[in-house]
Amino acid sequence: MGKPGGFLEYERENDTCIAPLERIKNFDEFHKNLSPEKRKAQAARCMECGIPFCQAGEMISGMASGCPLHNLVPETNDALYRGNIAQAYERLSLTHSFPEFTSRVCPALCEAACTCSVNGESVTTKDNEKYIIEYAFEHGLVKAKVPTVRTGKKVAVIGSGPSGLAAAAALNSRGHKVTVFERNDRAGGLLRYGIPNMKLDKRVIDRRLKIMEESGIEFKYGSDVGKDVKAKDLLKEYDRIVLACGASNPRDINAPGRDAKGIYFAVDFLKEVSKKLMDENYDVAKLTECKTMSWGNLKGKNVVIIGGGDTGNDCVGTSIRLGAGSVIQLEMMPKPPVSRTPSNPWPEWPKVLKTDYGQEEAIAVFGSDPRIYQTTVTEFVKDKDGKLKEIKTVKLEPQKDPKTGRMNMVPVKGSEEVMKADLVLIAAGFLGSQDYVVNDFGVERNARTNVATKEGAFATSKDKVFVCGDMHRGQSLVVWAIAEGRAAAKAVDESLMGYSNL
Amino acid sequence: MNNQGLYDQSFEHDNCGIGAIIDINGKKSHKLVCDALSIVENLEHRAGKDGTGETGDGVGILTGVPHKLFSDECKKMGITLGGEREYGVGMFFMPDDDLKCARDKKMFEVITSKEGLEFLGWRNVPINESVLGSKALSCMPRIIQGFVKRPEETTNDLDFDRRLYVVRRIFEQSTDTAYVASLSCRTIVYKGMFLVGQLRTFFLDLMDKRYESNVSMVHSRFSTNTNPSWKLAHPNRMLVHNGEINTIKGNVDKMLAREETMESKTFSKDDMTRVLPVIPKFGSDSAMLDNTLEFLMMSGMELPLAAMILIPEPWSHNDTISMERRDFYQYYATMMEPWDGPASILFSDGDVMGAILDRNGLRPSRYYVMDDGRLILASEVGVLDLEEAHILKKERLHPGKMLVVDMKKHKIYGDEELKEHYALEKPYGEWLDGNMLELKSLKIPNIKPESYEGDDLIKLLKAFGYSYEECRESILNMALNGAEQIGSMGIDTPLAALSGEYQPLFNYFKQLFAQVTNPPIDADREKIVTSTNVYVGKNGNLLEKKAENCHVLKIHNPILTDLDMIKIKKMNKPGFKVSEVSTVYYKSTPIERVLDHLFVEVDKAYKDGTNILVLSDRGVDENRVALPSLLAVAAVHQHLVRTKKCTAMSLILESGEPREVHHFATLLGFGACAVNPYLAHATIGRLIDEGNLNKDYYAAVEDYDHAVLKGIVKIASKMGISTIQSYMGSKIFEAVGVNKEVIDTYFTGTVSRVGGIGLEDIADNTDKQHSKAFDPLGLDTTMTLDSVGRHKMRSQGEKHRYNPQTIHMLQSAVREGNYEKFKTYTSMVDKEETGYLRSLMDFEFPEKGIDISEVEDEKEIVKRFKTGAMSYGSISEEAHEALAIAMNHLKGKSNSGEGGESDERIASAGTDHDRSSAIKQVASGRFGVTSKYLVSAKELQIKMAQGAKPGEGGHLPAGKVYPWIAKTRHSTPGVSLISPPPHHDIYSIEDLAQLIFDLKCANKNARISVKLVSEAGVGTVAAGVAKAGARVILISGYDGGTGAAPISSIHNAGLPWELGLAETHQTLIMNGLRDRVIIETDGKLMSGRDVAIAACLGAEEFGFATAPLVALGCVMMRVCNLDTCPMGIATQNPELRKRFAGKPEYVENFMLFIARELREYMAKLGVRTLDELVGRVDFLKAKEDTGVKLSLDQILAPVEAYNKPDKDNLYDFKLETTPDERVLLADKGVMESIKKGTKSKVSIEIKNTDRAFGTLLGAEITRKNPEGLKEDTIVVNCKGAGGQSFGAFIPKGLTLNITGEANDYLGKGLSGGKITVCAPDDAGYEPEENIILGNVALYGATSGEAYIAGMAGERFCVRNSGARAVVEGVGEHGCEYMTGGCAVVIGPTGKNFAAGMSGGVAYVLDEDNHLYRNLNKELVLMEQVESKADVAELKDMLKKHVKHTKSKKATKILEDFDEYLPKFKKIIPADYKSLMHLIHTFEEQGMNSEEAAIEAFNAREKEGK
């Protein structure tokens, strides 16, 4: 399999990318695929390892290393290298429900664990995956498949995020009648509303949903289980319930002045932008000029984003597209090193500086990196109308807790600063699922506020009720959500039929 | 000794020395008997003895009945014998119990009279007990002779012997206490558990002058065990055998079945039933062969003919023999499969004596014809003092050839004459033409084979458990390249029985292989001896020569295409009846009922006259499941054996299940004649349709089938078997994880020692797999195959012990020197689910241990640690040196592997930066094995097998022979290197003893270690090795091994070390040999726990290979064979080597951590030193409630108390008695030469028992002068017969001249010295037409010169890489695997010349233009000698030959050089030639030779790309 020595012959080449100043003019995706020949060469770089660390998805030094879906990376790469893309797609779909999502939004644990990266650059597995799935869609390989036999069992999936969708698709394929309940107007969960369009074009989700609907899955939108629809009714009507409601409780920043107008949670901000974009049929002009947003028009305004993660970056990119006058991103932790330190060897997740698209754009537009490290907000300062006008910050430095031995970030005296802020976006992560669903079903939770199950299992404390995704494992990646959804579906299938061929 | 623990009687082997003297004119004498005894006494080194050295393994003699003696002695007792041959005499070993003895005697008398014969009386054989060793004495039987009068009605001696035979067979079946050594009117056997000298002194008869005979055959036994048994000594009743019948199980099964079809005119039906079974249940392979030969003779077959058909010469690929002879062999092949294996057999009925050698010629058999009418034959020359002037001829038995001396006709019959005689006896060709059908000529019926496509195909694939890798890698590779896929780095996945994944039944069976007691063979390079033909249909009556006998269907390739299958099914030929029986059953039927039903169907078919039975599993669907094909085949075959139908009906399998080589091997091995893998073929079609295989379907299928066949031939050849026909039903496997009931019922006779799954489990597994394909509810399933990660890991498949987490943790631990992390790592690898036998074990900790501070220090413990043998070449210089530096620093040992070692590294030994490997390996390729290399070692390891591919050789492809690798291996860059499967100087246990002796002489300070691979019977082999003088025995697990090998070998050959180690420990104790040797083990030792368990099971030392590599950065890429290792370890690519990030400290940390963890176990167990832990099986117990059906009882069987290895109790090689010590090294002049380089000369008389002559002296020279001395500094003139390994490894400056002759292995590993051999001036024969040198001369020579004025035996210059030699004729396989140097042959060559020769040059005088027929042209070119340089080289060598030997032939050639020159052919390997040319070109551009080599290599590589 693979091309022996291919990694010596070819250099890594990423998907081409529209220049920042050009791409911020709209909300479209900006990665373009390589030519088929170049793509083949990239696939040929795969070394077809004896141990494909890329597909392991195991915890190494406390972080996941390799793909949680255990994608058969060497096999897909080999098929791609041989130009047999249909087969590559077949191998990919064996482990993966929605490659079109992860190949756009995944931080690519596979590439971080790639053996090729020990002495060079990893294989472009994520780009390869995108090429394969897009090829599959273009060539009609991704088809609706209505089960030939129906089991007569009914399953309700609560939540249409990636884990709910993955569970629904798998259960449907086993002949169960699946209904997906979604409180929003559209399906997709965070895929839909947590990730901006330039990263994941919403039409990509629609394309998948259409196939799922054609395969016989029913979607109920605007039905908020726990509120509009009650657990006891669902339990009566359905043989099994799969909770996949996510961990949508955002972490807040408790500083004086938090009640100021102009402070939003990042998810709410991003959701509003995405919804508007779809409602306006992707007409960017209508978005940038819009004054009907909660915050009015963003043009020229000073935006401060609290949180240095992916969502924070998404907020940077979105703010720039909406015409912000300045964008600052605050991060509590120190600036990571440029390359791996000896204490962070391969195949551990590389704790290194990554400049994402939003930050690239900020650099292009404003001339500097928007990130400020080791800094946190101490106060939100309002003007007389109660509107936010500036924020007070303080520098932090790591200090070892003599008791626990853990590193804590503590404020540095005299490092206080003040900066202008018209809009603050809080992108500080999530805390767990929302109480009302959990309470309605009466399922137990664990210490981390996630719904409790036995390790590696998906059945909750409540009979016939299963859980998956962020609601189960806590805030995490799309790829984990899909893995959870698939595994939960297998557990559900087994509990219904006594065996499973999933 | 009874079966006990893991030991099983059936594992025993023996090898030996043989000899015979016969007077062609039938003149009897006592001297002839005495001489025969002298022969065996001079073969002492080919006989074994027990640990004490006082009891031998067995010696015996067969002679004609000594009438003079008996008639005198009997007269004294009042017995009237009558004239010669008017009575028969039986030699009895009676029980040493008065009552039992009396009963047996009485019974014999009764049987005799009931059979109408008159019993004359008993005679106690006079013996001298006092000469015996205690062991022999303790089990000595009562030895008596019984006399029977010849009935008047018998017309001849044979008739009488036949009557006696019937008597004996009845007697044998009536007693289990008495043993009849012989009973005949013509011959008698004296034998027992003697040392060679004791035979003469024990039996007083033998020394009696009245004891006269005209024929004597002697035998000395070297058994792997010191198992006391008088019976096992040779001769058997008809023959003496030196060798081993590898296919014995299959032969015996078929012989049993044949009893149904055999009818003889000489035996009444009644008599026939009384002598059956032909082969009694117990006995050695030789005894069974003897029984068969005897039976055939008694049934009226002439003795030479019987021998000829049991041990046929290779005839199917042999166009040097006549058509008639091929027809003759073809005719008998349809009825009798070869009894395959190394065999030199002498047989006699008292009137004729014959000798035959197996097709491979793996045993030396030299003979002289004397002018007084005697013929003397022995394993060696020089065993008897003979006057050269009276010798008419010196010859040897050639491979596959025979010789018969008829004393009645006073004639010697040569092979040609004999065989032509029998070949012309009947019109065999005509008979075959009229009766035998060939598959290829059967008519193709107008039917399309059923094929499967799309989802239907996938469903079937899933139902039969095909994995994605099997389709996309294994099948694809075979269909694409016609060869199996290569893998590397061993196995770290669970045994089939412990795996959580689906495992087809095939995977529960592990291939056995030859090691030590018989050699594996090279089916690639020695193709001429192999045959893949099988014969299908009812076997004929072997005992009657008639046309109908050969009415069978001949199939050339037992892997059938779908079309072949249809042809067979639809063949409509008189005399053939083909029936099909389905092995498909309805889901949920109890499997036992399925099998019973199957037997009923088979019996029904038999009754209907079926002679070709097709078992088919076509028709699997939603409701129908296929019986595992191996179970179906084995069960039906066993049923046929049990009911004696297996030669009446041939079994053909049509199945979707088999797809890997190993699958097919097991199917044939358990009884199928041919297999049609229809689903594997359909898979090939799909691969083509999908675009994964760009090839014509039929060509692809043909290549796949060819790859399978090649694979099976290889598996058979690993066991030393050359023909598929003999491999069929030979059951050469050990089951691991199948319960006794299943084995005994369906796989009868197969070794299975840990129990395991039963029929229900097999049914469950099958059902589960079926449900995956055909959903029980009719629901859709994925239409893609699962990846199971059996070799390369897949997260969703098999658990691997090396996985991302364990690799990361181990690497972090050793890099950081962090023991906590190491403990985390071991906690991961020690998990139960890792699926090893040791995973099922637990420690029996005492209540209170001891404090860890009391336990032996880590630094002491690591001295017992070693790194595995990995050659420089397979891994990079950086990695190789890192291992050596680390181990030297720890005072442990690293192992050079088989790639030699550079001068610089050897020179670094003892310095602060010691990069020299303490263990120097001696493997079959002998790469870089020079005197210097040997002298530099602390331990010399003889690699008999390696875990990754036991029984196989190696092949380093040209692209990996980088210039620096070539230099250390003494070969040419860019020219491929072949390591032969066997050591060509070890075909048997006594040969190994010889090599051990040679190496001891080559470096007397080094320990000699022998590396074996775990398999059933390794314990008995180890016992033999211990007896042969090894100090260390390494038992390697099958799972270890880092080398590249076919994946089916990596996974299916050999056994876990737990079994082999425990068996070895137990067997050595039982034999009283445990204190003689240190046991070492290796094979995926990964934690302190692993090592602690190994110690408890008996290991004193421990080897690690994979783990240290991982410590150095290996991430188990398993691409070692591709030269693309991204970590710079298993590669020579300079770019990749730069990436190497390992440090010796990492390896040291690993070793110290293992030791530290081991100490923790020792503390808990309460032992202070590792020595105290060794062998403490009582510390181990089987884990309870594992839910696994395996039983560890035999592994954990308690052992009796024993003495531990003691450094003072070493094997005594008696080096001080060698002429080297006595004469050469005692010579002042010689010592002066060694010190100062002055010249010296010594003259000495030598004989065959002076083995490895000159080697001790050579070692002394090298020690003082690593580069040797000036040519001819020390000259030793010898007179007589050179013993084995004459001049082995001698360095430059030492010259040994023999006037006389020499045995095998002359100039082995020649390292610069010079050897000459010439006949004495008074010889009564022409040296150039006679054999004056044995087999395998100059094996692995690296430099030096040899001049032989006479002919040499087989395999002259095998693996020569630098020596220059002249000889006047060679046997078969000359210049095999040669990589350098030059050989001039000025006489005839045998078959298969230059096979596998990848370098060097040979000039051959080809006067009759026959060379082209004998040349193996695969690698070499045949050219005229034209270039100036070539002519000069040839002439120069001839001149030197004349100078050193006064050769008449060479003188004649030189005198008439212009006339002779055109008759010379130059043999040069094609690749070598072009590379040498390139190197020359670069040298002419002004580069030095090293630069030129690098440039040439690079240029070549570029060209290749």
# chains A, B, ... in the order shown; residues from 1 in each chain; ligands from 1
>>> interface_residues(of="chain B", to="chain A", cutoff="6 Å", atoms="only C-alpha atoms", output="PyMOL selection string")
chain B and resi 779+792-793+795+804+1116-1118+1124
>>> residues_around(residues="range 1407-1421 of chain B", least_positions_apart="3", cutoff="9 Å", atoms="only C-alpha atoms", output="PDB file with N, CA, C and O atoms, in the first residue's frame")
ATOM      1  N   ASP B 319      16.153 -33.478 -17.094  1.00  0.00           N
ATOM      2  CA  ASP B 319      16.212 -33.974 -18.468  1.00  0.00           C
ATOM      3  C   ASP B 319      17.544 -34.653 -18.765  1.00  0.00           C
ATOM      4  O   ASP B 319      17.865 -34.927 -19.911  1.00  0.00           O
ATOM      5  N   THR B 320      18.317 -34.917 -17.703  1.00  0.00           N
ATOM      6  CA  THR B 320      19.555 -35.652 -17.975  1.00  0.00           C
ATOM      7  C   THR B 320      19.330 -37.160 -17.897  1.00  0.00           C
ATOM      8  O   THR B 320      20.242 -37.931 -18.136  1.00  0.00           O
ATOM      9  N   ARG B 525      16.437 -21.961  -5.333  1.00  0.00           N
ATOM     10  CA  ARG B 525      17.704 -22.171  -6.027  1.00  0.00           C
ATOM     11  C   ARG B 525      17.914 -23.628  -6.404  1.00  0.00           C
ATOM     12  O   ARG B 525      18.696 -23.936  -7.276  1.00  0.00           O
ATOM     13  N   GLU B 526      17.238 -24.523  -5.670  1.00  0.00           N
ATOM     14  CA  GLU B 526      17.434 -25.944  -5.970  1.00  0.00           C
ATOM     15  C   GLU B 526      16.127 -26.553  -6.467  1.00  0.00           C
ATOM     16  O   GLU B 526      15.651 -27.579  -5.989  1.00  0.00           O
ATOM     17  N   GLU B1372      27.169 -31.852  -7.520  1.00  0.00           N
ATOM     18  CA  GLU B1372      26.040 -30.962  -7.792  1.00  0.00           C
ATOM     19  C   GLU B1372      26.147 -29.665  -7.004  1.00  0.00           C
ATOM     20  O   GLU B1372      26.854 -29.590  -6.017  1.00  0.00           O
ATOM     21  N   HIS B1373      25.410 -28.681  -7.474  1.00  0.00           N
ATOM     22  CA  HIS B1373      25.301 -27.368  -6.814  1.00  0.00           C
ATOM     23  C   HIS B1373      26.654 -26.694  -6.611  1.00  0.00           C
ATOM     24  O   HIS B1373      26.868 -26.023  -5.608  1.00  0.00           O
ATOM     25  N   GLY B1387      37.256 -30.215 -14.862  1.00  0.00           N
ATOM     26  CA  GLY B1387      36.678 -31.538 -15.023  1.00  0.00           C
ATOM     27  C   GLY B1387      35.169 -31.392 -15.038  1.00  0.00           C
ATOM     28  O   GLY B1387      34.654 -30.283 -15.153  1.00  0.00           O
ATOM     29  N   PRO B1388      34.474 -32.505 -14.901  1.00  0.00           N
ATOM     30  CA  PRO B1388      33.017 -32.455 -15.017  1.00  0.00           C
ATOM     31  C   PRO B1388      32.358 -31.706 -13.850  1.00  0.00           C
ATOM     32  O   PRO B1388      32.903 -31.651 -12.753  1.00  0.00           O
ATOM     33  N   THR B1389      31.192 -31.135 -14.121  1.00  0.00           N
ATOM     34  CA  THR B1389      30.404 -30.503 -13.064  1.00  0.00           C
ATOM     35  C   THR B1389      29.078 -31.234 -12.950  1.00  0.00           C
ATOM     36  O   THR B1389      28.569 -31.767 -13.928  1.00  0.00           O
ATOM     37  N   GLY B1390      28.541 -31.237 -11.738  1.00  0.00           N
ATOM     38  CA  GLY B1390      27.227 -31.834 -11.525  1.00  0.00           C
ATOM     39  C   GLY B1390      26.124 -30.845 -11.844  1.00  0.00           C
ATOM     40  O   GLY B1390      26.376 -29.739 -12.317  1.00  0.00           O
ATOM     41  N   LYS B1391      24.909 -31.269 -11.577  1.00  0.00           N
ATOM     42  CA  LYS B1391      23.731 -30.437 -11.879  1.00  0.00           C
ATOM     43  C   LYS B1391      23.705 -29.174 -11.033  1.00  0.00           C
ATOM     44  O   LYS B1391      24.294 -29.099  -9.984  1.00  0.00           O
ATOM     45  N   ASN B1392      22.936 -28.203 -11.541  1.00  0.00           N
ATOM     46  CA  ASN B1392      22.627 -26.988 -10.792  1.00  0.00           C
ATOM     47  C   ASN B1392      23.872 -26.190 -10.430  1.00  0.00           C
ATOM     48  O   ASN B1392      23.970 -25.627  -9.348  1.00  0.00           O
ATOM     49  N   PHE B1393      24.783 -26.134 -11.344  1.00  0.00           N
ATOM     50  CA  PHE B1393      26.004 -25.354 -11.123  1.00  0.00           C
ATOM     51  C   PHE B1393      25.660 -23.868 -11.114  1.00  0.00           C
ATOM     52  O   PHE B1393      24.849 -23.399 -11.893  1.00  0.00           O
ATOM     53  N   ALA B1394      26.256 -23.132 -10.176  1.00  0.00           N
ATOM     54  CA  ALA B1394      26.110 -21.672 -10.098  1.00  0.00           C
ATOM     55  C   ALA B1394      24.705 -21.209  -9.707  1.00  0.00           C
ATOM     56  O   ALA B1394      24.324 -20.085  -9.981  1.00  0.00           O
ATOM     57  N   ALA B1395      23.966 -22.057  -9.018  1.00  0.00           N
ATOM     58  CA  ALA B1395      22.641 -21.617  -8.570  1.00  0.00           C
ATOM     59  C   ALA B1395      22.805 -20.540  -7.515  1.00  0.00           C
ATOM     60  O   ALA B1395      23.612 -20.664  -6.611  1.00  0.00           O
ATOM     61  N   GLY B1396      22.048 -19.462  -7.666  1.00  0.00           N
ATOM     62  CA  GLY B1396      22.115 -18.387  -6.681  1.00  0.00           C
ATOM     63  C   GLY B1396      23.470 -17.709  -6.616  1.00  0.00           C
ATOM     64  O   GLY B1396      23.786 -17.023  -5.660  1.00  0.00           O
ATOM     65  N   MET B1397      24.273 -17.888  -7.647  1.00  0.00           N
ATOM     66  CA  MET B1397      25.609 -17.257  -7.649  1.00  0.00           C
ATOM     67  C   MET B1397      25.442 -15.804  -8.085  1.00  0.00           C
ATOM     68  O   MET B1397      25.026 -15.528  -9.197  1.00  0.00           O
ATOM     69  N   SER B1398      25.745 -14.895  -7.169  1.00  0.00           N
ATOM     70  CA  SER B1398      25.527 -13.489  -7.537  1.00  0.00           C
ATOM     71  C   SER B1398      26.832 -12.730  -7.713  1.00  0.00           C
ATOM     72  O   SER B1398      26.818 -11.551  -8.031  1.00  0.00           O
ATOM     73  N   GLY B1399      27.939 -13.383  -7.466  1.00  0.00           N
ATOM     74  CA  GLY B1399      29.197 -12.678  -7.671  1.00  0.00           C
ATOM     75  C   GLY B1399      30.333 -13.668  -7.894  1.00  0.00           C
ATOM     76  O   GLY B1399      30.168 -14.870  -7.739  1.00  0.00           O
ATOM     77  N   VAL B1404      35.206 -23.036 -16.264  1.00  0.00           N
ATOM     78  CA  VAL B1404      34.926 -24.472 -16.259  1.00  0.00           C
ATOM     79  C   VAL B1404      35.382 -25.093 -17.573  1.00  0.00           C
ATOM     80  O   VAL B1404      35.041 -24.596 -18.650  1.00  0.00           O
ATOM     81  N   TYR B1460      43.045 -26.197 -25.502  1.00  0.00           N
ATOM     82  CA  TYR B1460      42.063 -26.307 -24.416  1.00  0.00           C
ATOM     83  C   TYR B1460      41.254 -25.036 -24.192  1.00  0.00           C
ATOM     84  O   TYR B1460      40.099 -25.087 -23.773  1.00  0.00           O
ATOM     85  N   LYS B1463      37.694 -24.620 -24.949  1.00  0.00           N
ATOM     86  CA  LYS B1463      36.796 -25.536 -24.251  1.00  0.00           C
ATOM     87  C   LYS B1463      36.430 -25.019 -22.859  1.00  0.00           C
ATOM     88  O   LYS B1463      35.636 -25.631 -22.157  1.00  0.00           O
ATOM     89  N   PHE B1464      37.070 -23.941 -22.473  1.00  0.00           N
ATOM     90  CA  PHE B1464      36.727 -23.356 -21.170  1.00  0.00           C
ATOM     91  C   PHE B1464      35.528 -22.415 -21.297  1.00  0.00           C
ATOM     92  O   PHE B1464      35.394 -21.689 -22.282  1.00  0.00           O
ATOM     93  N   LYS B1465      34.675 -22.441 -20.302  1.00  0.00           N
ATOM     94  CA  LYS B1465      33.558 -21.482 -20.248  1.00  0.00           C
ATOM     95  C   LYS B1465      33.766 -20.606 -19.037  1.00  0.00           C
ATOM     96  O   LYS B1465      34.215 -21.061 -17.978  1.00  0.00           O
ATOM     97  N   LYS B1466      33.424 -19.363 -19.221  1.00  0.00           N
ATOM     98  CA  LYS B1466      33.491 -18.455 -18.089  1.00  0.00           C
ATOM     99  C   LYS B1466      32.065 -18.258 -17.570  1.00  0.00           C
ATOM    100  O   LYS B1466      31.167 -17.901 -18.329  1.00  0.00           O
ATOM    101  N   ILE B1467      31.869 -18.480 -16.299  1.00  0.00           N
ATOM    102  CA  ILE B1467      30.547 -18.302 -15.700  1.00  0.00           C
ATOM    103  C   ILE B1467      30.607 -17.066 -14.818  1.00  0.00           C
ATOM    104  O   ILE B1467      31.398 -16.997 -13.867  1.00  0.00           O
ATOM    105  N   ILE B1468      29.809 -16.102 -15.158  1.00  0.00           N
ATOM    106  CA  ILE B1468      29.833 -14.865 -14.380  1.00  0.00           C
ATOM    107  C   ILE B1468      28.405 -14.344 -14.215  1.00  0.00           C
ATOM    108  O   ILE B1468      27.632 -14.311 -15.174  1.00  0.00           O
ATOM    109  N   PRO B1469      28.046 -13.938 -13.012  1.00  0.00           N
ATOM    110  CA  PRO B1469      26.693 -13.407 -12.806  1.00  0.00           C
ATOM    111  C   PRO B1469      26.508 -12.107 -13.588  1.00  0.00           C
ATOM    112  O   PRO B1469      27.406 -11.257 -13.615  1.00  0.00           O
ATOM    113  N   ALA B1470      25.365 -11.950 -14.207  1.00  0.00           N
ATOM    114  CA  ALA B1470      25.132 -10.812 -15.098  1.00  0.00           C
ATOM    115  C   ALA B1470      25.254  -9.479 -14.368  1.00  0.00           C
ATOM    116  O   ALA B1470      25.945  -8.559 -14.819  1.00  0.00           O
ATOM    117  N   ASP B1471      24.578  -9.379 -13.211  1.00  0.00           N
ATOM    118  CA  ASP B1471      24.616  -8.114 -12.467  1.00  0.00           C
ATOM    119  C   ASP B1471      26.019  -7.777 -11.993  1.00  0.00           C
ATOM    120  O   ASP B1471      26.458  -6.641 -12.038  1.00  0.00           O
ATOM    121  N   TYR B1472      26.678  -8.813 -11.544  1.00  0.00           N
ATOM    122  CA  TYR B1472      28.035  -8.650 -11.033  1.00  0.00           C
ATOM    123  C   TYR B1472      28.941  -8.137 -12.135  1.00  0.00           C
ATOM    124  O   TYR B1472      29.725  -7.222 -11.939  1.00  0.00           O
TER     125      TYR B1472
END
>>> residues_around(residues="Val1223 in chain B", least_positions_apart="2", cutoff="12 Å", atoms="only C-alpha atoms", output="list of chain:residue names")
B:Leu1215, B:Glu1216, B:Thr1217, B:Thr1218, B:Pro1219, B:Asp1220, B:Glu1221, B:Leu1225, B:Ala1226, B:Asp1227, B:Lys1228, B:Gly1229, B:Val1230, B:Met1231, B:Lys1241, B:Val1242, B:Ser1243, B:Ile1244, B:Glu1245, B:Ile1246, B:Phe1253, B:Gly1254, B:Leu1256, B:Leu1257, B:Val1276, B:Cys1278
